[in-house]
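Raw query_1.csv, CSV, C-alpha atoms:
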```
chain,number,residue,atom,x,y,z
A,1,MET,CA,-13.3,32.7,-35.6
A,2,THR,CA,-9.5,33.0,-35.9
A,3,GLU,CA,-8.3,35.7,-38.2
A,4,THR,CA,-6.0,34.8,-41.1
A,5,GLY,CA,-2.4,35.3,-40.1
A,6,GLU,CA,-3.0,35.1,-36.4
A,7,ARG,CA,-0.5,32.7,-34.7
A,8,LEU,CA,-2.0,30.7,-31.9
A,9,LEU,CA,0.8,28.6,-30.5
A,10,SER,CA,4.4,29.4,-29.7
A,11,SER,CA,7.3,27.4,-31.1
A,12,GLU,CA,7.8,25.8,-27.7
A,13,GLU,CA,4.1,24.7,-27.6
A,14,LEU,CA,4.4,23.2,-31.2
A,15,ALA,CA,7.6,21.4,-30.2
A,16,LYS,CA,5.8,19.9,-27.2
A,17,LEU,CA,2.9,18.7,-29.3
A,18,SER,CA,5.5,17.1,-31.6
A,19,GLN,CA,7.3,15.1,-28.9
A,20,PRO,CA,6.5,11.4,-28.1
A,21,PRO,CA,4.3,10.5,-25.2
A,22,ARG,CA,7.2,9.3,-23.0
A,23,ALA,CA,8.7,12.8,-23.2
A,24,ASP,CA,5.4,14.3,-22.3
A,25,LEU,CA,5.3,12.1,-19.2
A,26,ALA,CA,8.9,12.9,-18.3
A,27,ASP,CA,8.2,16.6,-18.5
A,28,ALA,CA,5.1,16.2,-16.3
A,29,LEU,CA,7.1,14.3,-13.7
A,30,ALA,CA,9.3,17.3,-13.3
A,31,GLU,CA,6.3,19.5,-12.6
A,32,GLY,CA,5.0,17.3,-9.8
A,33,PRO,CA,2.9,14.2,-9.1
A,34,GLU,CA,-0.5,15.8,-9.8
A,35,ALA,CA,0.5,17.0,-13.3
A,36,ALA,CA,2.3,13.7,-14.0
A,37,VAL,CA,-0.7,11.5,-13.1
A,38,LYS,CA,-3.0,13.8,-15.2
A,39,THR,CA,-0.6,13.5,-18.2
A,40,PHE,CA,-0.2,9.7,-17.8
A,41,ARG,CA,-4.0,9.2,-17.6
A,42,ARG,CA,-4.4,11.3,-20.8
A,43,ILE,CA,-1.7,9.2,-22.6
A,44,ASP,CA,-3.2,5.9,-21.4
A,45,ARG,CA,-6.7,7.0,-22.5
A,46,ALA,CA,-5.4,7.9,-26.0
A,47,TYR,CA,-3.9,4.5,-26.5
A,48,ARG,CA,-7.0,2.7,-25.2
A,49,ASN,CA,-9.3,4.8,-27.3
A,50,PHE,CA,-7.5,3.9,-30.5
A,51,ILE,CA,-7.6,0.2,-29.6
A,52,ASP,CA,-11.3,0.3,-28.7
A,53,GLY,CA,-12.0,2.2,-31.9
A,54,PHE,CA,-10.6,-0.7,-33.9
A,55,GLY,CA,-13.0,-3.1,-32.1
A,56,ALA,CA,-16.0,-0.8,-32.8
A,57,TRP,CA,-15.0,-0.6,-36.5
A,58,VAL,CA,-14.9,-4.4,-36.8
A,59,ALA,CA,-18.3,-4.7,-35.1
A,60,GLN,CA,-19.9,-2.1,-37.3
A,61,THR,CA,-18.5,-3.7,-40.5
A,62,GLN,CA,-19.9,-7.1,-39.4
A,63,ALA,CA,-23.3,-5.4,-38.7
A,64,PHE,CA,-23.2,-3.9,-42.2
A,65,ALA,CA,-22.6,-7.4,-43.7
A,66,ALA,CA,-25.3,-9.0,-41.7
A,67,GLU,CA,-27.8,-6.2,-42.5
A,68,ARG,CA,-27.1,-6.3,-46.2
A,69,TYR,CA,-26.4,-10.0,-46.8
A,70,GLY,CA,-27.7,-11.9,-43.8
A,71,ALA,CA,-26.0,-14.7,-42.0
A,72,ASP,CA,-24.4,-15.9,-45.2
A,73,GLY,CA,-22.8,-12.5,-45.7
A,74,LEU,CA,-21.6,-12.3,-42.1
A,75,GLU,CA,-20.0,-15.8,-42.4
A,76,ARG,CA,-17.8,-14.5,-45.2
A,77,LEU,CA,-16.1,-12.1,-42.7
A,78,VAL,CA,-15.1,-14.5,-39.9
A,79,SER,CA,-11.9,-16.0,-41.2
A,80,ALA,CA,-9.3,-15.9,-38.5
A,81,ASP,CA,-6.2,-16.7,-40.6
A,82,ASP,CA,-5.0,-13.1,-40.8
A,83,ALA,CA,-5.5,-12.7,-37.0
A,84,TYR,CA,-3.4,-15.7,-36.3
A,85,ARG,CA,-0.6,-14.3,-38.6
A,86,SER,CA,-0.9,-10.9,-37.0
A,87,VAL,CA,-0.5,-12.3,-33.5
A,88,LEU,CA,2.7,-14.1,-34.6
A,89,LEU,CA,4.0,-11.1,-36.5
A,90,HIS,CA,3.6,-8.7,-33.5
A,91,SER,CA,4.6,-11.2,-30.8
A,92,LEU,CA,1.4,-10.7,-28.8
A,93,THR,CA,1.9,-12.3,-25.3
A,94,ASP,CA,-0.5,-13.9,-22.9
A,95,GLU,CA,0.2,-11.0,-20.5
A,96,ASP,CA,-1.0,-8.6,-23.2
A,97,ILE,CA,-4.2,-10.5,-23.7
A,98,THR,CA,-5.0,-10.9,-20.0
A,99,GLY,CA,-3.9,-7.4,-19.1
A,100,ARG,CA,-5.6,-5.3,-21.7
A,101,HIS,CA,-8.8,-5.1,-19.7
A,102,GLN,CA,-7.2,-4.7,-16.3
A,103,SER,CA,-7.3,-1.1,-15.2
A,104,ASP,CA,-4.9,-1.9,-12.3
A,105,ARG,CA,-2.0,-1.9,-14.8
A,106,ALA,CA,-2.4,1.9,-15.2
A,107,ASP,CA,-3.3,2.3,-11.6
A,108,ARG,CA,0.0,0.9,-10.5
A,109,ILE,CA,1.9,3.4,-12.6
A,110,ALA,CA,-0.2,6.2,-11.2
A,111,GLY,CA,0.7,4.9,-7.7
A,112,LEU,CA,4.4,4.9,-8.5
A,113,ILE,CA,4.1,8.5,-9.7
A,114,ASP,CA,2.3,9.5,-6.5
A,115,GLN,CA,5.1,7.8,-4.5
A,116,GLY,CA,7.7,9.9,-6.4
A,117,ASP,CA,9.5,6.9,-7.8
A,118,HIS,CA,10.1,8.4,-11.3
A,119,GLN,CA,12.5,5.7,-12.5
A,120,ALA,CA,10.1,2.9,-11.7
A,121,ALA,CA,7.2,4.8,-13.1
A,122,LEU,CA,8.9,5.4,-16.5
A,123,ALA,CA,10.1,1.7,-16.6
A,124,ALA,CA,6.5,0.6,-16.0
A,125,PHE,CA,5.2,3.1,-18.6
A,126,ASP,CA,7.7,1.7,-21.2
A,127,ALA,CA,6.3,-1.9,-20.5
A,128,LEU,CA,2.7,-0.8,-20.7
A,129,GLU,CA,3.3,1.3,-23.9
A,130,ALA,CA,5.0,-1.7,-25.6
A,131,SER,CA,2.0,-3.9,-24.6
A,132,TYR,CA,-0.4,-1.4,-26.0
A,133,ARG,CA,1.5,-1.2,-29.2
A,134,ARG,CA,1.3,-5.0,-29.7
A,135,ILE,CA,-2.4,-5.0,-29.0
A,136,HIS,CA,-2.9,-1.9,-31.2
A,137,ASP,CA,-1.1,-3.6,-34.2
A,138,VAL,CA,-3.1,-6.8,-33.9
A,139,GLU,CA,-6.4,-4.9,-33.6
A,140,ARG,CA,-5.4,-2.7,-36.5
A,141,ASP,CA,-4.7,-5.7,-38.7
A,142,ARG,CA,-8.0,-7.2,-37.7
A,143,VAL,CA,-9.8,-4.2,-39.1
A,144,ALA,CA,-7.8,-4.5,-42.3
A,145,SER,CA,-8.5,-8.2,-42.5
A,146,VAL,CA,-12.3,-7.6,-42.3
A,147,LEU,CA,-12.1,-4.9,-44.9
A,148,SER,CA,-10.1,-7.2,-47.1
A,149,GLN,CA,-12.8,-9.8,-46.9
A,150,VAL,CA,-15.5,-7.3,-47.7
A,151,TYR,CA,-13.5,-6.1,-50.8
A,152,ARG,CA,-12.7,-9.6,-52.0
A,153,ALA,CA,-16.3,-10.8,-51.6
A,154,TRP,CA,-18.2,-7.8,-53.0
A,155,GLY,CA,-15.8,-5.3,-54.6
A,156,PRO,CA,-14.9,-1.6,-54.1
A,157,ASP,CA,-18.4,-0.1,-54.2
A,158,VAL,CA,-19.5,-2.3,-51.3
A,159,LEU,CA,-16.3,-1.7,-49.5
A,160,GLU,CA,-17.0,2.0,-49.7
A,161,ALA,CA,-20.5,1.5,-48.5
A,162,SER,CA,-19.3,-0.5,-45.5
A,163,ILE,CA,-16.8,2.1,-44.5
A,164,ARG,CA,-19.5,4.8,-44.8
A,165,PHE,CA,-21.8,2.7,-42.6
A,166,ALA,CA,-19.1,2.1,-39.9
A,167,GLY,CA,-17.9,5.7,-40.0
A,168,GLU,CA,-21.4,7.1,-39.5
A,169,GLN,CA,-21.7,4.9,-36.4
A,170,THR,CA,-18.2,5.8,-35.0
A,171,LEU,CA,-15.8,8.5,-36.0
A,172,LEU,CA,-18.1,10.7,-38.1
A,173,GLY,CA,-20.4,11.3,-35.2
A,174,TRP,CA,-17.6,13.4,-33.7
A,175,MET,CA,-17.2,15.7,-36.7
A,176,PRO,CA,-19.9,18.3,-35.8
A,177,HIS,CA,-18.4,18.7,-32.4
A,178,ASP,CA,-14.9,18.9,-33.6
A,179,VAL,CA,-15.3,21.5,-36.4
A,180,VAL,CA,-16.7,24.1,-34.1
A,181,ARG,CA,-14.0,24.0,-31.5
A,182,PRO,CA,-11.1,26.6,-31.4
A,183,ALA,CA,-8.3,25.7,-33.7
A,184,GLU,CA,-5.7,25.5,-30.9
A,185,VAL,CA,-8.0,23.0,-29.1
A,186,ARG,CA,-8.5,20.9,-32.3
A,187,VAL,CA,-4.7,20.6,-33.0
A,188,ARG,CA,-4.0,19.4,-29.5
A,189,GLN,CA,-6.6,16.7,-29.8
A,190,TRP,CA,-5.5,15.6,-33.3
A,191,ALA,CA,-1.9,15.5,-32.2
A,192,ALA,CA,-2.8,13.4,-29.2
A,193,MET,CA,-4.8,11.1,-31.4
A,194,GLN,CA,-1.8,10.5,-33.7
A,195,LYS,CA,0.4,9.8,-30.7
A,196,GLY,CA,-2.2,7.3,-29.6
A,197,ASN,CA,-1.8,5.7,-33.0
A,198,PHE,CA,1.9,5.2,-32.3
A,199,ALA,CA,2.9,7.8,-34.9
A,200,ASP,CA,6.0,10.1,-34.9
A,201,ILE,CA,4.7,13.6,-35.7
A,202,THR,CA,5.8,17.1,-36.3
A,203,VAL,CA,3.3,19.9,-35.7
A,204,GLU,CA,3.7,23.2,-37.5
A,205,GLU,CA,1.6,26.3,-37.8
A,206,THR,CA,1.0,28.5,-40.9
A,207,ASP,CA,-1.1,31.6,-41.2
A,208,ASP,CA,-4.3,29.7,-41.9
A,209,ALA,CA,-3.7,26.1,-40.7
A,210,PHE,CA,-2.0,23.7,-38.4
A,211,VAL,CA,-0.1,21.0,-40.3
A,212,ILE,CA,0.6,17.6,-38.6
A,213,THR,CA,3.2,15.7,-40.5
A,214,VAL,CA,3.1,12.0,-39.7
A,215,HIS,CA,6.5,10.6,-40.5
A,216,LEU,CA,5.2,7.0,-40.4
A,217,CYS,CA,1.6,6.5,-39.4
A,218,GLY,CA,0.8,3.7,-37.0
A,219,THR,CA,-1.8,2.1,-39.2
A,220,CYS,CA,-1.4,1.7,-43.0
A,221,GLY,CA,2.1,3.2,-43.0
A,222,ARG,CA,3.5,0.6,-40.5
A,223,GLN,CA,1.4,-2.1,-42.1
A,224,VAL,CA,3.2,-1.5,-45.4
A,225,SER,CA,6.6,-1.3,-43.8
A,226,ASP,CA,5.9,-4.5,-41.8
A,227,GLY,CA,5.1,-6.4,-44.9
A,228,CYS,CA,1.4,-6.9,-44.1
A,229,TYR,CA,0.6,-6.5,-47.8
A,230,GLY,CA,3.1,-9.1,-48.9
A,231,GLU,CA,4.1,-12.6,-47.8
A,232,THR,CA,3.9,-11.8,-44.1
A,233,MET,CA,0.1,-11.3,-44.3
A,234,ASN,CA,-2.2,-11.2,-47.2
A,235,LEU,CA,-4.2,-8.0,-46.7
A,236,ALA,CA,-5.9,-6.7,-49.8
A,237,VAL,CA,-4.5,-4.0,-52.1
A,238,VAL,CA,-7.3,-2.0,-53.8
A,239,ALA,CA,-6.1,-1.8,-57.4
A,240,GLU,CA,-9.0,0.1,-59.0
A,241,ASP,CA,-8.9,3.7,-60.0
A,242,HIS,CA,-11.9,4.3,-57.7
A,243,PRO,CA,-13.0,7.1,-55.4
A,244,LEU,CA,-11.6,4.9,-52.6
A,245,THR,CA,-8.1,5.4,-54.0
A,246,PHE,CA,-8.8,9.0,-55.3
A,247,GLY,CA,-8.7,7.5,-58.7
A,248,GLN,CA,-5.0,6.6,-58.3
A,249,GLY,CA,-4.9,2.9,-57.3
A,250,PRO,CA,-3.4,0.8,-56.0
A,251,ALA,CA,-3.7,1.5,-52.2
A,252,PRO,CA,-3.5,-0.5,-49.1
A,253,ILE,CA,-6.9,-1.6,-47.8
A,254,TYR,CA,-6.7,0.3,-44.5
A,255,ARG,CA,-5.9,3.6,-46.3
A,256,THR,CA,-9.2,3.5,-48.3
A,257,HIS,CA,-11.1,4.8,-45.2
A,258,VAL,CA,-9.5,8.2,-45.6
A,259,SER,CA,-11.4,9.0,-48.8
A,260,VAL,CA,-14.8,8.0,-47.2
A,261,MET,CA,-14.4,9.3,-43.6
A,262,HIS,CA,-12.4,12.4,-44.3
A,263,PHE,CA,-13.5,13.4,-47.8
A,264,ILE,CA,-16.6,11.9,-49.3
A,265,VAL,CA,-19.0,12.1,-46.3
A,266,PRO,CA,-17.6,15.4,-44.9
A,267,MET,CA,-17.8,17.1,-48.3
A,268,GLU,CA,-21.4,15.9,-48.7
A,269,ARG,CA,-22.3,17.5,-45.4
A,270,THR,CA,-20.0,20.5,-45.1
A,271,GLU,CA,-18.6,20.9,-48.7
A,272,VAL,CA,-15.0,20.6,-47.3
A,273,PRO,CA,-12.9,17.7,-46.1
A,274,TRP,CA,-12.6,16.8,-42.4
A,275,PRO,CA,-9.7,17.5,-42.2
A,276,VAL,CA,-7.5,17.5,-45.3
A,277,VAL,CA,-5.5,14.3,-45.1
A,278,GLN,CA,-2.7,13.9,-47.7
A,279,CYS,CA,-1.7,10.2,-47.8
A,280,PRO,CA,1.3,8.8,-49.7
A,281,ALA,CA,0.7,7.7,-53.2
A,282,GLY,CA,0.3,4.0,-54.1
A,283,MET,CA,1.8,1.5,-51.7
A,284,ASP,CA,4.3,4.0,-50.2
A,285,ALA,CA,4.6,3.9,-46.4
A,286,GLY,CA,4.8,7.6,-45.7
A,287,PRO,CA,5.0,10.4,-44.7
A,288,CYS,CA,1.5,11.8,-44.7
A,289,ARG,CA,0.0,15.2,-43.7
A,290,ILE,CA,-3.1,16.3,-41.7
A,291,MET,CA,-4.0,19.9,-42.5
A,292,LEU,CA,-6.3,21.5,-39.9
A,293,TYR,CA,-7.6,24.8,-41.2
A,294,LYS,CA,-8.2,27.4,-38.5
A,295,ASN,CA,-11.5,28.1,-40.2
A,296,PRO,CA,-12.6,24.7,-41.5
A,297,ALA,CA,-15.4,26.2,-43.7
A,298,ALA,CA,-12.7,28.2,-45.5
A,299,THR,CA,-10.5,25.2,-46.4
A,300,PRO,CA,-9.1,26.2,-49.8
A,301,PRO,CA,-10.0,23.9,-52.8
A,302,LYS,CA,-6.3,23.9,-53.8
A,303,ALA,CA,-5.6,21.9,-50.6
A,304,TYR,CA,-7.7,19.0,-51.8
A,305,GLU,CA,-7.6,19.3,-55.6
A,306,PHE,CA,-5.7,16.0,-55.6
A,307,ALA,CA,-9.0,14.3,-54.5
A,308,ALA,CA,-11.7,16.5,-56.0
A,309,GLY,CA,-11.7,15.1,-59.5
A,310,ALA,CA,-12.0,11.5,-58.4
A,311,LEU,CA,-14.7,12.2,-55.8
A,312,ALA,CA,-16.7,14.3,-58.3
A,313,ALA,CA,-16.8,11.3,-60.6
A,314,GLY,CA,-19.1,9.6,-58.2
A,315,SER,CA,-19.1,6.8,-55.7
A,316,GLY,CA,-20.8,3.4,-55.2
```
Rewrite the structure from the file as structure tokens, please.
Amino acid sequence: MTETGERLLSSEELAKLSQPPRADLADALAEGPEAAVKTFRRIDRAYRNFIDGFGAWVAQTQAFAAERYGADGLERLVSADDAYRSVLLHSLTDEDITGRHQSDRADRIAGLIDQGDHQAALAAFDALEASYRRIHDVERDRVASVLSQVYRAWGPDVLEASIRFAGEQTLLGWMPHDVVRPAEVRVRQWAAMQKGNFADITVEETDDAFVITVHLCGTCGRQVSDGCYGETMNLAVVAEDHPLTFGQGPAPIYRTHVSVMHFIVPMERTEVPWPVVQCPAGMDAGPCRIMLYKNPAATPPKAYEFAAGALAAGSG
């Protein structure tokens, strides 16, 4: 276990973790084709993993509704109105739709890298990244739409239960593996995940933690700034002072998963959050902070006292 005060990464390594994916690829191109292809494949995988994760979340939420309420309950989650609005808002193209499952899009970029055509590789990367971002945003909104329908149909307690159900089938299964890894490995993975979420980040190191500041997260932060909780779309705002909002509603519907997947369930299992995620208050768009303690079991209570009272009050 890392000793308190031991620094694990240099300032240069922290700066590299903080830079956007395109800069990672440009740096790797200067190292040679083997490093560049490896870096590109990692970036490509991070984008695809986030998009696929949205689909899994929707599927598990639908499974929850079907298990608890049968076909009638599932039918309440199938409205496509928000999806149509999201496609229009984010200008999803036919090429995006037909190309999202075609691995040769990425293979062509890897081929350009191998050929040493850096300019063409970066231009193709820019186009692929833009396509992934449009797909990401539509899939992200689809999650928020389904959660909105759960909340409007059955209220905050059932919404909490649905997020717990989906989390246990998806992200929370990774928690036991993640918390036992070395801190310098964890921060690299979490930084890569945030980049795969189209977030601008800054990574810093303190004596006992790595802190990832997300200047505008790619999910609820950009949803708020894009107007998805207003006239553009009609995603739900959770108004109650409930554990889902850390007792400080209102909150955008997508953000409510943070209390369940990063606080309620992890604290039931390990007595500490996984990790500490400090979101903006109310309907603010950002920034937020992810605090990865080098010894997760020693996460200090002061780091999550903003949440402890509301969570201790109980959940549905």
Task: Using all atoms listed in the file: which of A:Arg222, A:Arg289, A:His101, A:Arg188 has the shortest distance to Leu9 (chain A) - done: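 Between A:Arg222, A:Arg289, A:His101, A:Arg188, the residue approaching Leu9 (chain A) most closely is A:Arg188.
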- [ ] Using CA of Ala161 (chain A) and CA of Phe64 (chain A) as the two end points, give the distance in Å to one decimal.
- [x]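 Interatomic distance, CA of Ala161 (chain A) to CA of Phe64 (chain A): 8.7 Å.
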- [ ] For region 202-213 of chain A, work out the shell of residues within 8 Å, counting all atoms listed in the file and skipping chain neighbours fewer than 6 positions away, then give it as a ChimeraX atom specification.
- [x] /A:4-7,9,14-15,17-19,187,191,287-295
TODO: Measuring atom to atom with only C-alpha atoms, identify which of A:Pro266, A:Tyr151, A:Leu112, A:Ser79 is nearest to Leu172 (chain A).
DONE: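 Smallest distance to Leu172 (chain A) is found for A:Pro266.
Going from CA of Arg181 (chain A) to CA of Pro296 (chain A) covers 10.1 Å.
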- [ ] Fewer than 4 positions away in the same chain doesn't count, so skip those; otherwise give me all residues within 8 Å of region 248-263 of chain A, counting only C-alpha atoms, as JSON, numbers by chain.
- [x] {"A": [143, 144, 147, 148, 160, 163, 164, 167, 171, 172, 219, 220, 224, 229, 235, 236, 237, 238, 239, 240, 241, 242, 243, 244, 267, 272, 273, 274, 275, 276, 277, 279, 281, 282, 283]}
Could you save those same residues with C-alpha atoms as a compact mmCIF listing (two decimals), in the frame of the given file?
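Wrote result-v3.txt, looks like this:
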```txt
# COMPACT_ATOMS: atom_id res chain seq x y z
CA VAL A 143 -9.80 -4.20 -39.10
CA ALA A 144 -7.80 -4.50 -42.30
CA LEU A 147 -12.10 -4.90 -44.90
CA SER A 148 -10.10 -7.20 -47.10
CA GLU A 160 -17.00 2.00 -49.70
CA ILE A 163 -16.80 2.10 -44.50
CA ARG A 164 -19.50 4.80 -44.80
CA GLY A 167 -17.90 5.70 -40.00
CA LEU A 171 -15.80 8.50 -36.00
CA LEU A 172 -18.10 10.70 -38.10
CA THR A 219 -1.80 2.10 -39.20
CA CYS A 220 -1.40 1.70 -43.00
CA VAL A 224 3.20 -1.50 -45.40
CA TYR A 229 0.60 -6.50 -47.80
CA LEU A 235 -4.20 -8.00 -46.70
CA ALA A 236 -5.90 -6.70 -49.80
CA VAL A 237 -4.50 -4.00 -52.10
CA VAL A 238 -7.30 -2.00 -53.80
CA ALA A 239 -6.10 -1.80 -57.40
CA GLU A 240 -9.00 0.10 -59.00
CA ASP A 241 -8.90 3.70 -60.00
CA HIS A 242 -11.90 4.30 -57.70
CA PRO A 243 -13.00 7.10 -55.40
CA LEU A 244 -11.60 4.90 -52.60
CA MET A 267 -17.80 17.10 -48.30
CA VAL A 272 -15.00 20.60 -47.30
CA PRO A 273 -12.90 17.70 -46.10
CA TRP A 274 -12.60 16.80 -42.40
CA PRO A 275 -9.70 17.50 -42.20
CA VAL A 276 -7.50 17.50 -45.30
CA VAL A 277 -5.50 14.30 -45.10
CA CYS A 279 -1.70 10.20 -47.80
CA ALA A 281 0.70 7.70 -53.20
CA GLY A 282 0.30 4.00 -54.10
CA MET A 283 1.80 1.50 -51.70
```
Open item on the list: Which residues are close to Pro33 (chain A), i.e. within 10 Å by all atoms listed in the file, leaving aside same-chain residues fewer than 5 positions away? Reply as a PyMOL selection string.
Closed with: chain A and resi 28+38-39+110-118
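Among the candidates A:Glu95, A:Glu268, A:Glu31, A:Asp82, the one nearest to Ser131 (chain A) when counting only C-alpha atoms is A:Glu95.
Of the listed residues (A:Ala192, A:Ala23, A:Ala65, A:Ala310), A:Ala65 comes nearest to Leu159 (chain A); the distances count only C-alpha atoms.
For the choices A:Ala312, A:Ile43, A:Ile201, A:Val265, the atom-to-atom distance to Glu129 (chain A) is smallest for A:Ile43 when using all atoms listed in the file.
With only C-alpha atoms as the atoms that count, the residue of A:Leu122, A:Ala153, A:Val138, A:Ile264 with the shortest distance to Glu168 (chain A) is A:Ile264.
The coordinates place CA of Gln60 (chain A) at 5.0 Å from CA of Ala166 (chain A).
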Residues at most 6 Å from Phe54 (chain A), counting all atoms listed in the file, excluding those fewer than 3 positions away in the same chain, as a compact mmCIF listing (two decimals) with C-alpha atoms, in the coordinates of the input?
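And here is the file that came out, selection-v2.txt:
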```
# COMPACT_ATOMS: atom_id res chain seq x y z
CA ILE A 51 -7.60 0.20 -29.60
CA TRP A 57 -15.00 -0.60 -36.50
CA GLU A 139 -6.40 -4.90 -33.60
```
Would you mind putting back all heavy atoms on region 19-26 of chain A, then writing it out as a PDB file, keeping the file's coordinate frame?
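Result file is out.pdb:
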```pdb
ATOM      1  N   GLN A  19       6.484  16.071 -29.598  1.00  0.00           N
ATOM      2  CA  GLN A  19       7.300  15.100 -28.900  1.00  0.00           C
ATOM      3  C   GLN A  19       6.547  13.833 -28.575  1.00  0.00           C
ATOM      4  O   GLN A  19       5.313  13.862 -28.473  1.00  0.00           O
ATOM      5  CB  GLN A  19       7.975  15.693 -27.682  1.00  0.00           C
ATOM      6  CG  GLN A  19       7.020  15.968 -26.537  1.00  0.00           C
ATOM      7  CD  GLN A  19       7.713  16.674 -25.371  1.00  0.00           C
ATOM      8  OE1 GLN A  19       8.823  17.198 -25.487  1.00  0.00           O
ATOM      9  NE2 GLN A  19       7.067  16.683 -24.217  1.00  0.00           N
ATOM     10  N   PRO A  20       7.225  12.699 -28.391  1.00  0.00           N
ATOM     11  CA  PRO A  20       6.500  11.400 -28.100  1.00  0.00           C
ATOM     12  C   PRO A  20       5.927  11.426 -26.705  1.00  0.00           C
ATOM     13  O   PRO A  20       6.313  12.217 -25.831  1.00  0.00           O
ATOM     14  CB  PRO A  20       7.637  10.388 -28.239  1.00  0.00           C
ATOM     15  CG  PRO A  20       8.908  11.133 -28.045  1.00  0.00           C
ATOM     16  CD  PRO A  20       8.671  12.518 -28.559  1.00  0.00           C
ATOM     17  N   PRO A  21       4.979  10.508 -26.467  1.00  0.00           N
ATOM     18  CA  PRO A  21       4.300  10.500 -25.200  1.00  0.00           C
ATOM     19  C   PRO A  21       5.232  10.293 -23.981  1.00  0.00           C
ATOM     20  O   PRO A  21       4.995  10.884 -22.918  1.00  0.00           O
ATOM     21  CB  PRO A  21       3.360   9.259 -25.316  1.00  0.00           C
ATOM     22  CG  PRO A  21       3.068   9.197 -26.779  1.00  0.00           C
ATOM     23  CD  PRO A  21       4.351   9.592 -27.439  1.00  0.00           C
ATOM     24  N   ARG A  22       6.283   9.515 -24.130  1.00  0.00           N
ATOM     25  CA  ARG A  22       7.200   9.300 -23.000  1.00  0.00           C
ATOM     26  C   ARG A  22       7.826  10.637 -22.580  1.00  0.00           C
ATOM     27  O   ARG A  22       8.012  10.906 -21.385  1.00  0.00           O
ATOM     28  CB  ARG A  22       8.271   8.297 -23.340  1.00  0.00           C
ATOM     29  CG  ARG A  22       9.067   7.823 -22.110  1.00  0.00           C
ATOM     30  CD  ARG A  22      10.191   6.884 -22.539  1.00  0.00           C
ATOM     31  NE  ARG A  22      10.716   6.130 -21.427  1.00  0.00           N
ATOM     32  CZ  ARG A  22      11.636   6.571 -20.577  1.00  0.00           C
ATOM     33  NH1 ARG A  22      12.099   7.823 -20.704  1.00  0.00           N
ATOM     34  NH2 ARG A  22      12.091   5.808 -19.594  1.00  0.00           N
ATOM     35  N   ALA A  23       8.160  11.468 -23.548  1.00  0.00           N
ATOM     36  CA  ALA A  23       8.700  12.800 -23.200  1.00  0.00           C
ATOM     37  C   ALA A  23       7.686  13.660 -22.543  1.00  0.00           C
ATOM     38  O   ALA A  23       8.027  14.443 -21.642  1.00  0.00           O
ATOM     39  CB  ALA A  23       9.241  13.446 -24.494  1.00  0.00           C
ATOM     40  N   ASP A  24       6.417  13.544 -22.949  1.00  0.00           N
ATOM     41  CA  ASP A  24       5.400  14.300 -22.300  1.00  0.00           C
ATOM     42  C   ASP A  24       5.300  13.879 -20.791  1.00  0.00           C
ATOM     43  O   ASP A  24       5.167  14.735 -19.902  1.00  0.00           O
ATOM     44  CB  ASP A  24       3.997  13.987 -22.903  1.00  0.00           C
ATOM     45  CG  ASP A  24       3.849  14.590 -24.289  1.00  0.00           C
ATOM     46  OD1 ASP A  24       4.563  15.560 -24.600  1.00  0.00           O
ATOM     47  OD2 ASP A  24       3.003  14.088 -25.059  1.00  0.00           O
ATOM     48  N   LEU A  25       5.391  12.574 -20.542  1.00  0.00           N
ATOM     49  CA  LEU A  25       5.300  12.100 -19.200  1.00  0.00           C
ATOM     50  C   LEU A  25       6.555  12.547 -18.380  1.00  0.00           C
ATOM     51  O   LEU A  25       6.432  12.978 -17.224  1.00  0.00           O
ATOM     52  CB  LEU A  25       5.207  10.572 -19.144  1.00  0.00           C
ATOM     53  CG  LEU A  25       5.153   9.930 -17.751  1.00  0.00           C
ATOM     54  CD1 LEU A  25       4.008  10.507 -16.917  1.00  0.00           C
ATOM     55  CD2 LEU A  25       5.012   8.410 -17.869  1.00  0.00           C
ATOM     56  N   ALA A  26       7.731  12.469 -18.981  1.00  0.00           N
ATOM     57  CA  ALA A  26       8.900  12.900 -18.300  1.00  0.00           C
ATOM     58  C   ALA A  26       8.875  14.377 -17.922  1.00  0.00           C
ATOM     59  O   ALA A  26       9.270  14.777 -16.815  1.00  0.00           O
ATOM     60  CB  ALA A  26      10.173  12.614 -19.160  1.00  0.00           C
TER      61      ALA A  26
END
```
